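Scroll down for the structure; my scribbles are underneath it.
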Amino acid sequence: MMKKWLAVALSLTMIVGMMTACGSGDEANTNEGSNNDSSTQVETIADGGGKVLNIYVWNDDFQNRFEKYYKDYDKKTKSIGDVKVNIIQNANQGSNYQDKLDAALAAQDSAAADDKVDIFLCETDYVNKYTSSDMAAPISALGITDSDLSQMYDFTKTAATDASGILRGVTWQANPAGFIYRRSYAKEIFGTDDPAKIQEQVSDWDKFTAAAQTVKEKSDGKITMLSGFSDALRVYAANVTQKWVSDDKKLQIDPEIEKWIDATKEYTDNGYNAKTALWSDDWSAGFKKNGNVFGYFGPAWLINFSMSEGSGAKKNDDGTYEPGGSYGDWAVCEGPQAFNWGGTFICGAKGTDNAALVADIMKTLCCDTDNMYNLTIDFQEFVNNKKANDKLVADGVTSAFLGGQSLVEGLSAGIDKINMSYLSPYDQMCFENLMTAMADYYNGKSTKEEAIENWKDMTIKSYPALSK
């Protein structure tokens, strides 16, 4: 075991001088403000031989995958060789996780060796906060090459690349998303459950709205096209042309977000949604066998982590399901616009004394094609590896939840249109506060203008450096 880590550490220290920044792969990086200059140079991080590997997370997603695929990890002793693995979990609600992580990173320089942060996880909504600074170490400085990253989708690299073109985080998830609909309701209302035929009904927002009216009429108002106010927000938000915050730190509403606000008001007034709040029990009631929701917008993780469990199927100890409830009565199509939702990025902390181990974990979980293939088999992930996804399609791997449809093919339709150039460090609370503020407008408790002002006030409270 120690021979392996000695070899990895030596390979890092022997890299001559400076390394080429990673992130370009075989494609052009479109990060706004990024020059994607492959000649950008970063200093290689020498391995410090740390004896404790501290990993900051907000849930057990990383841990489950780490324990399953990182073969050198001993679950009983919670160690890799003589290195103790310490997973520090803090809830993600509001800014709690970021606050705890920020405090740890702020103390990084003065922290004892065993207390230094080595790895931290970021969601897409705030990965830009960390990867636009030096809090996250350059991937190339850890010894990860363009070849290692060659099968990743370019937009996932864009999300974690700084303005100088330096990639500072990697993810095992690609998370393209689509419109996930009930097959039985589709047959009842549209005469078919074929994803290609349903896509014809919802291929743009005008058609989607017409389909919502049809769903209401043919179900006598018993079924709504969507569940909640915020169901389509991520679709519109993935197609913006500006960030939530301007360069001079002022809050701004993109025209696509305005469209979402107006469309949601129309859907609410016309009974096309069930007026539920995202993640509430009422919102997810549509997952059940007798649920009254035609469809949900979402990626693979929504299917696996939320819908499968909420469908009424029995979950086995190994994570598989015994069909029941609405399980198997769903399919997915692209929907009105291509979009991506979510993603968990692995970042190596500046100042880590376990650089070799950090790099090896990144490669194992995010670059190994066989592991990426198995992630879809084991966890129903849409993985960030084109070769693995091609093999999944070629091998005929399908999703039982989706009634035998290929998860990869079902979610791939719009993947080449995904643009993640407009992420900002403020996205998480901009989204959360907007959903809260606009609910008053949809429920008739405020005007649109009042709701937007409330959103601005709430967001400035979350981020005092911003202004209206």
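The way I read the labels, and the way they are meant: chains A, B, ... in the order of the structure tokens, residue 1 as the first residue of every chain, and ligand 1 as the first ligand shown, with later ones counted on from there.
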Tell me which protein, DNA and RNA residues are within 12 Å of Tyr185 (chain A), counting only C-alpha atoms, leaving out same-chain ones fewer than 3 positions away, and put them as a VMD selection string. chain A and resid 180 to 182 188 to 194 198 214 to 216 218 to 219 222 to 225 286 289 to 295 326 329 to 331
DSSP alpha helix (DSSP H) residues within region 75-224 of chain A, as a ChimeraX atom specification: /A:96-106,124-131,154-159,183-190,195-202,205-218
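In this comparison, which uses only C-alpha atoms, the residue of A:Gly271, A:Ala359, A:Gln63, A:Asn304 approaching Val170 (chain A) most closely is A:Ala359.
In terms of minimum interatomic distance to Leu278 (chain A), A:Met435 ranks closest within A:Met435, A:Val397, A:Met152, A:Ile346, counting only C-alpha atoms.
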Which polymer residues have any atom within 7 Å of an atom of Lys51 (chain A), counting only C-alpha atoms, with same-chain residues fewer than 5 positions away left out, as a JSON list (two decimals) with N, CA, C and O atoms, in the first residue's frame?
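So selection_36.json came out as:
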```
[["chain", "number", "residue", "atom", "x", "y", "z"],
["A", 82, "ASP", "N", -2.08, 3.94, 5.92],
["A", 82, "ASP", "CA", -1.94, 4.52, 7.26],
["A", 82, "ASP", "C", -2.51, 5.94, 7.33],
["A", 82, "ASP", "O", -2.24, 6.68, 8.28],
["A", 83, "VAL", "N", -3.31, 6.29, 6.34],
["A", 83, "VAL", "CA", -3.95, 7.60, 6.33],
["A", 83, "VAL", "C", -5.40, 7.47, 6.79],
["A", 83, "VAL", "O", -6.20, 6.75, 6.18],
["A", 84, "LYS", "N", -5.74, 8.14, 7.85],
["A", 84, "LYS", "CA", -7.10, 8.12, 8.38],
["A", 84, "LYS", "C", -7.99, 9.02, 7.51],
["A", 84, "LYS", "O", -7.61, 10.14, 7.17],
["A", 114, "ASP", "N", -3.06, 17.69, 10.75],
["A", 114, "ASP", "CA", -4.17, 16.74, 10.79],
["A", 114, "ASP", "C", -5.53, 17.40, 10.65],
["A", 114, "ASP", "O", -6.54, 16.72, 10.48]]
```
Could you pull the residues within 7 Å of Lys314 (chain A), counting only C-alpha atoms, minus those fewer than 2 positions along the same chain, as a list in words? Gly312, Asn316, Tyr321, Glu322, Pro323 and Gly324 of chain A
Nearest to Gly348 (chain A) among A:Asn86, A:Ser203, A:Asn92, A:Thr131, with distances taken over only C-alpha atoms: which residue is it? A:Thr131
Do you know which residues are at most 12 Å from Arg168 (chain A) counting only C-alpha atoms, after dropping those on the same chain fewer than 4 positions away, and could you put them as a PyMOL selection string? chain A and resi 21-23+42+119-122+127-142+144+156-164+345-350+359+362
Those in region 161-191 of chain A with strand (DSSP E or B) from DSSP, as a VMD selection string: chain A and resid 161 167 170 to 171 173 176 to 182
Output the selection as an mmCIF file, in the first residue's frame - all heavy atoms for each residue.
```
data_model
loop_
_atom_site.group_PDB
_atom_site.id
_atom_site.type_symbol
_atom_site.label_atom_id
_atom_site.label_comp_id
_atom_site.auth_asym_id
_atom_site.auth_seq_id
_atom_site.Cartn_x
_atom_site.Cartn_y
_atom_site.Cartn_z
ATOM 1 N N THR A 161 -14.115 26.177 -13.968
ATOM 2 C CA THR A 161 -12.922 26.832 -14.510
ATOM 3 C C THR A 161 -12.932 28.310 -14.150
ATOM 4 O O THR A 161 -13.958 28.977 -14.250
ATOM 5 C CB THR A 161 -12.881 26.673 -16.044
ATOM 6 O OG1 THR A 161 -12.788 25.279 -16.362
ATOM 7 C CG2 THR A 161 -11.705 27.399 -16.652
ATOM 8 N N LEU A 167 -8.806 24.983 -14.552
ATOM 9 C CA LEU A 167 -9.810 24.079 -14.004
ATOM 10 C C LEU A 167 -9.469 23.755 -12.558
ATOM 11 O O LEU A 167 -8.347 23.357 -12.251
ATOM 12 C CB LEU A 167 -9.869 22.803 -14.833
ATOM 13 C CG LEU A 167 -10.890 21.744 -14.417
ATOM 14 C CD1 LEU A 167 -12.312 22.275 -14.604
ATOM 15 C CD2 LEU A 167 -10.699 20.470 -15.232
ATOM 16 N N VAL A 170 -13.603 18.774 -10.410
ATOM 17 C CA VAL A 170 -14.116 17.773 -11.345
ATOM 18 C C VAL A 170 -15.356 17.123 -10.745
ATOM 19 O O VAL A 170 -15.531 17.077 -9.525
ATOM 20 C CB VAL A 170 -13.056 16.696 -11.659
ATOM 21 C CG1 VAL A 170 -11.943 17.279 -12.521
ATOM 22 C CG2 VAL A 170 -12.480 16.073 -10.388
ATOM 23 N N THR A 171 -16.201 16.584 -11.608
ATOM 24 C CA THR A 171 -17.427 15.943 -11.154
ATOM 25 C C THR A 171 -17.637 14.618 -11.870
ATOM 26 O O THR A 171 -17.238 14.463 -13.024
ATOM 27 C CB THR A 171 -18.653 16.847 -11.383
ATOM 28 O OG1 THR A 171 -19.848 16.145 -10.979
ATOM 29 C CG2 THR A 171 -18.790 17.249 -12.850
ATOM 30 N N GLN A 173 -20.705 13.565 -12.273
ATOM 31 C CA GLN A 173 -22.047 13.711 -12.811
ATOM 32 C C GLN A 173 -22.081 14.742 -13.936
ATOM 33 O O GLN A 173 -21.440 15.785 -13.844
ATOM 34 C CB GLN A 173 -23.009 14.186 -11.715
ATOM 35 C CG GLN A 173 -23.105 13.277 -10.518
ATOM 36 C CD GLN A 173 -23.858 13.946 -9.374
ATOM 37 O OE1 GLN A 173 -23.608 15.093 -9.043
ATOM 38 N NE2 GLN A 173 -24.774 13.217 -8.769
ATOM 39 N N PRO A 176 -27.501 16.276 -17.389
ATOM 40 C CA PRO A 176 -28.473 16.855 -18.312
ATOM 41 C C PRO A 176 -29.854 16.437 -17.835
ATOM 42 O O PRO A 176 -30.014 15.374 -17.216
ATOM 43 C CB PRO A 176 -28.123 16.197 -19.647
ATOM 44 C CG PRO A 176 -27.521 14.888 -19.264
ATOM 45 C CD PRO A 176 -26.758 15.163 -17.995
ATOM 46 N N ALA A 177 -30.842 17.252 -18.069
ATOM 47 C CA ALA A 177 -32.172 16.971 -17.524
ATOM 48 C C ALA A 177 -33.217 17.016 -18.632
ATOM 49 O O ALA A 177 -32.948 17.445 -19.755
ATOM 50 C CB ALA A 177 -32.504 17.973 -16.424
ATOM 51 N N GLY A 178 -34.413 16.582 -18.306
ATOM 52 C CA GLY A 178 -35.495 16.556 -19.282
ATOM 53 C C GLY A 178 -36.841 16.610 -18.603
ATOM 54 O O GLY A 178 -36.949 16.908 -17.411
ATOM 55 N N PHE A 179 -37.892 16.308 -19.358
ATOM 56 C CA PHE A 179 -39.250 16.297 -18.824
ATOM 57 C C PHE A 179 -39.638 14.846 -18.579
ATOM 58 O O PHE A 179 -39.749 14.040 -19.500
ATOM 59 C CB PHE A 179 -40.209 16.957 -19.804
ATOM 60 C CG PHE A 179 -41.625 17.047 -19.293
ATOM 61 C CD1 PHE A 179 -41.899 17.719 -18.103
ATOM 62 C CD2 PHE A 179 -42.673 16.461 -19.984
ATOM 63 C CE1 PHE A 179 -43.198 17.810 -17.611
ATOM 64 C CE2 PHE A 179 -43.978 16.556 -19.508
ATOM 65 C CZ PHE A 179 -44.236 17.215 -18.323
ATOM 66 N N ILE A 180 -39.829 14.505 -17.310
ATOM 67 C CA ILE A 180 -40.124 13.136 -16.877
ATOM 68 C C ILE A 180 -41.636 13.021 -16.670
ATOM 69 O O ILE A 180 -42.203 13.688 -15.813
ATOM 70 C CB ILE A 180 -39.382 12.816 -15.564
ATOM 71 C CG1 ILE A 180 -37.889 13.143 -15.698
ATOM 72 C CG2 ILE A 180 -39.564 11.349 -15.184
ATOM 73 C CD1 ILE A 180 -37.187 13.342 -14.361
ATOM 74 N N TYR A 181 -42.295 12.194 -17.458
ATOM 75 C CA TYR A 181 -43.772 12.178 -17.467
ATOM 76 C C TYR A 181 -44.326 10.771 -17.222
ATOM 77 O O TYR A 181 -43.643 9.765 -17.413
ATOM 78 C CB TYR A 181 -44.293 12.720 -18.800
ATOM 79 C CG TYR A 181 -43.890 11.900 -19.995
ATOM 80 C CD1 TYR A 181 -44.667 10.832 -20.448
ATOM 81 C CD2 TYR A 181 -42.697 12.154 -20.673
ATOM 82 C CE1 TYR A 181 -44.277 10.065 -21.529
ATOM 83 C CE2 TYR A 181 -42.292 11.399 -21.756
ATOM 84 C CZ TYR A 181 -43.091 10.350 -22.180
ATOM 85 O OH TYR A 181 -42.691 9.576 -23.256
ATOM 86 N N ARG A 182 -45.576 10.737 -16.791
ATOM 87 C CA ARG A 182 -46.261 9.474 -16.520
ATOM 88 C C ARG A 182 -46.734 8.832 -17.820
ATOM 89 O O ARG A 182 -47.489 9.425 -18.591
ATOM 90 C CB ARG A 182 -47.462 9.719 -15.611
ATOM 91 C CG ARG A 182 -47.138 9.979 -14.156
ATOM 92 C CD ARG A 182 -46.650 8.733 -13.431
ATOM 93 N NE ARG A 182 -47.705 7.797 -13.163
ATOM 94 C CZ ARG A 182 -48.434 7.813 -12.038
ATOM 95 N NH1 ARG A 182 -48.218 8.712 -11.100
ATOM 96 N NH2 ARG A 182 -49.369 6.924 -11.862
#
```
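If you look at CA of Thr364 (chain A) and CA of Phe66 (chain A), they are 8.8 Å away from each other.
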Could you jot down the CA of Ala186 (chain A) to CA of Val202 (chain A) separation for me, Å, one decimal place?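 For CA of Ala186 (chain A) relative to CA of Val202 (chain A), the distance reads 12.0 Å.
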Using only C-alpha atoms, which of A:Ile303, A:Phe287, A:Gln89, A:Ala338 sits nearest Asn419 (chain A)?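 Distance minimum relative to Asn419 (chain A) lands on A:Ala338.
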Would you compute the distance between CA of Asp282 (chain A) and CA of Ala300 (chain A)? Give it in Å to one decimal. 21.2 Å
Just want the 12 Å neighbourhood of Ala451 (chain A), counted on only C-alpha atoms, with same-chain residues fewer than 3 positions away dropped. Output as a PyMOL selection string. chain A and resi 261+433-448+454-458
